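Colleague: Below: one structure in structure tokens.
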Amino acid sequence: MSLRNCFSSPTEPALLLAAAVFAAGAWLMPAWLAFLLTLALAKALVVLGVVIQMRAGLVSFGQALFFCIGGYGVGLAAQYLGIGDAFALLALGTVAAILLALACGWLLTRYREIFYAMLTLALSMVLYGVLVKSSALGSTDGFNVVPPSFLGWVPEGDARKRTMYLLTVLVAAVVAIGFHRFMVSSLGRVTEAVRENEIRVDFLGISPQGVLFVNYVAAAGVSALGGGLTALASGHIDPDMAIWTTSGEFVFIAILGGTGHVAAPFIGAIVFSVIRTFAIQEAPHFWQMTLGVILLALILFLPKGLWSLVARDRKREVEA
Amino acid sequence: MTSFFAILIDGAIYASWLFLVAAGLTIIYGVMRVLNMAHGSFYAIGAYSAASLVGWYFSGEHGNPYWSFLLLIGCALVSGAIVGVIIEKGLLRFLHGRDEILMVIVTYALLLILEDATKLIWGVDPYFAYQPYRLLGQTAVGGSLRFANYDLVLIAVSILVGLAAWFVLNRTNKGRLLRAVIHDREIAIAMGVNVNAMFAATFAIGSVLGALAGALTAPAISVTPGIGVEVIVLAFAVVVVGGLGSIGGAAAGAILVGLSRSFAVHVAPEFELFVIYGVMFLVLAIRPQGLFGQTLARRI
């Protein structure tokens, strides 16, 4: 028995190695960089939700719904239920999103193409409309999230940023491995078949709607996790988490990274954060224009995203 | 009773505005199958060019103030046509017939680009062009209610736009050709219809309508960055409720959304935004093709 057999593919040790490197970085990099990466990794989790829907041929223009539910779940539970533990808060936000997804999924999975995009957009805007007008939750300003404890320990200042970062790396690693297994499982592969030809999948005796439903709920859960981590890390939540431009950003990152691999959204989110940090410093008024131009260039010249560059190199190695 | 009239008239004003915004969007989708996110930018460009030009017109002695209305419309025609033709000829032409959802993302990229382009041209400070709005004065309805005449004129304008669109589509030769393209693009090409020219013309008309909506709204609001992003989701809600690609549907959608919003504003203001998207969600859930959309058979 070699170590190889413990893992179903070379991806998993690679992911673990990457997570170890990221975790080791917590003591090496400055706190601001750790904070930046925390937000990027949290965003990557939301994008992962968009990506697995894209693999099934569905583009969600409302993934911010679950991002926001995760964030508000954490914030509200900390505020009104007095729960202080980060793990419990994250779990609560995720469970709330999964319950909502179970309720909406049966309806949404009947829709395709732009109707799916429009319906997901409508749902997230419904939540936005409610939050903006609810003065008890701070209307458009939102409210601050109480700093969490980590299994009873309450760090302060930079230590909190580092702990938050380590927690995010841990969650991201677990989720990445879990979703990798999901994507290479037969259920995960059928989602791609649904994208290619739904009716054939139907004739093979598999319910495309059932497949999409599981996919949708999984996407909701992971996106809420990303939202919860964002709320804990940034210490603030507001209704803009649910507005459609936030969803647009997630779609952008999904296209930037590509849908070919579980690592793609993480690469996309980190590259996105780096571009944004520099673009906002150098030319704040060109930021959206930069995004738009990159998006057009990706669609025209690199439709499978940054991951296709990695995958292409790997193919070359195999051929050589 | 007073509040009933208030709801009705407010609703009609809001609905006519929604129809103006949504008409161009639904025409472009009907013909080209492009759900154009950049429509919000056309609206913003129309509003900005109108606000800056009207502001200039009133800043000095430039004759009769009533000419400013022509200026508003002229602005929309010129700015909308220029932007529309550039985008169609420069980009969309190469992407005809691609996936509908891909086109949503392409036009989303255009929206992002145009948002910053308007900031580059007009800066980030608000523009005001309230003079045409003040010029027409107010009308008292039933004693205590007062409405700006400009808003009431807007109702007439949007009815005119709707009638004009109906007339062109149903009573002219070009319109009949257009309907043929809408009905079946491939057969239309086989019959010798120049579909590419049709697309370019449609996109230009659609963008002019978007710019017109912006130009006519400019006197009633302060023109600031971000109005395009706000408007586009409202327009989506309207066209989706009515049925994508149908002018009558856009009108029905505008009336339904407009009335429900004004009802919410008067009765339960905290539900103002919720109602708009709630209606959108409800219609999509019950009749995904919209109130006036046609059911399409699934192609295998």
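In the structure tokens, the first chain shown is A, the next is B, and so on; residue numbers restart at 1 for each chain, and ligands run from 1 in the order shown.
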Using the chain letters and numbers from this document, which residues of segment 61-280 of chain A does DSSP assign to helix (DSSP H, G or I), as a count of residues only?
Modeller: 174
Colleague: Report as a list in words the set of chain B residues whose atoms approach chain A to within 6 Å, with distances computed over only C-alpha atoms.
Modeller: Ile101, Ala109, Leu112, Ile113, Asp116, Glu270, Leu273, Phe274, Tyr277 and Phe281 of chain B
Colleague: Which residue out of A:Gly258, A:Gly70, A:Gly62, A:Gly84 has the minimum interatomic distance to Val310 of chain A when only C-alpha atoms are used?
Modeller: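 Once distances to Val310 of chain A are computed over only C-alpha atoms, the minimum belongs to A:Gly258.
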Colleague: Give me, as a list in words, all polymer residues having an atom no more than 6 Å from Phe203 of chain B, counting only C-alpha atoms and skipping those fewer than 3 positions away in the same chain.
Modeller: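 Here the qualifying residues turn out to be Ile28, Ala200 and Gly206 of chain B.
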Colleague: Since we have the selection now, will you write its residues out, keeping N, CA and C atoms, as a CSV table (one decimal), in the first residue's frame?
Modeller:
```csv
chain,number,residue,atom,x,y,z
B,28,ILE,N,-35.0,44.7,-28.8
B,28,ILE,CA,-33.7,44.1,-29.1
B,28,ILE,C,-33.7,42.6,-28.8
B,200,ALA,N,-28.7,45.4,-37.2
B,200,ALA,CA,-28.0,46.7,-36.9
B,200,ALA,C,-29.1,47.7,-36.7
B,206,GLY,N,-33.3,50.2,-30.7
B,206,GLY,CA,-33.4,49.9,-29.3
B,206,GLY,C,-32.5,50.8,-28.4
```
Colleague: Write out as a ChimeraX atom specification the residues lying within 10 Å of segment 138-151 of chain A, counting only C-alpha atoms and excluding same-chain residues fewer than 5 positions away.
Modeller: /A:71-72,74-79,82-89,128-133,156,160,163-164,167,231-241
Colleague: Just write the chosen residues, C-alpha atoms, as a CSV table (one decimal), in the first residue's frame.
Modeller:
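What follows is the written file out.csv:
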```csv
chain,number,residue,atom,x,y,z
A,71,GLY,CA,-23.4,36.6,6.0
A,72,TYR,CA,-26.6,37.7,7.6
A,74,VAL,CA,-23.7,34.7,10.9
A,75,GLY,CA,-24.4,38.4,11.8
A,76,LEU,CA,-27.9,37.8,13.2
A,77,ALA,CA,-27.0,34.7,15.1
A,78,ALA,CA,-24.1,36.6,16.8
A,79,GLN,CA,-26.3,39.6,17.5
A,82,GLY,CA,-25.7,35.4,21.5
A,83,ILE,CA,-23.7,32.7,19.7
A,84,GLY,CA,-20.0,33.6,19.8
A,85,ASP,CA,-18.2,30.6,18.3
A,86,ALA,CA,-17.1,31.0,14.7
A,87,PHE,CA,-17.7,27.3,13.8
A,88,ALA,CA,-21.2,27.3,15.1
A,89,LEU,CA,-22.0,30.6,13.4
A,128,TYR,CA,-32.1,43.0,-1.3
A,129,GLY,CA,-35.4,44.8,-1.4
A,130,VAL,CA,-36.4,43.4,2.0
A,131,LEU,CA,-33.0,44.2,3.7
A,132,VAL,CA,-32.8,47.7,2.3
A,133,LYS,CA,-36.1,48.6,3.8
A,156,GLU,CA,-7.5,40.5,19.4
A,160,ARG,CA,-7.6,37.7,15.0
A,163,THR,CA,-6.8,33.2,13.1
A,164,MET,CA,-9.5,34.2,10.7
A,167,LEU,CA,-9.8,29.2,9.6
A,231,ALA,CA,-18.9,38.5,7.4
A,232,LEU,CA,-16.6,37.2,10.2
A,233,ALA,CA,-13.5,38.4,8.5
A,234,SER,CA,-14.6,41.9,7.6
A,235,GLY,CA,-16.8,42.4,10.7
A,236,HIS,CA,-19.6,44.1,8.8
A,237,ILE,CA,-22.6,43.1,6.6
A,238,ASP,CA,-24.9,45.2,4.5
A,239,PRO,CA,-27.6,44.6,1.9
A,240,ASP,CA,-25.2,45.2,-1.0
A,241,MET,CA,-24.1,41.6,-0.4
```
Colleague: May I have the residues within 9 Å of Leu298 of chain A as a PyMOL selection string, using only C-alpha atoms and disregarding those fewer than 6 positions away in the same chain?
Modeller: chain A and resi 255-256+304-306
Colleague: Find the residue from A:Ala136, A:Ala269, A:Val51, A:Ala242 that sits nearest to Met183 of chain A; use only C-alpha atoms when measuring.
Modeller: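 Among the listed residues, A:Val51 lies closest to Met183 of chain A.
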Colleague: Nearest to Glu192 of chain A: which of A:Ala44, A:Ala56, A:Ala101, A:Ala20 is it, counting only C-alpha atoms?
Modeller: A:Ala56
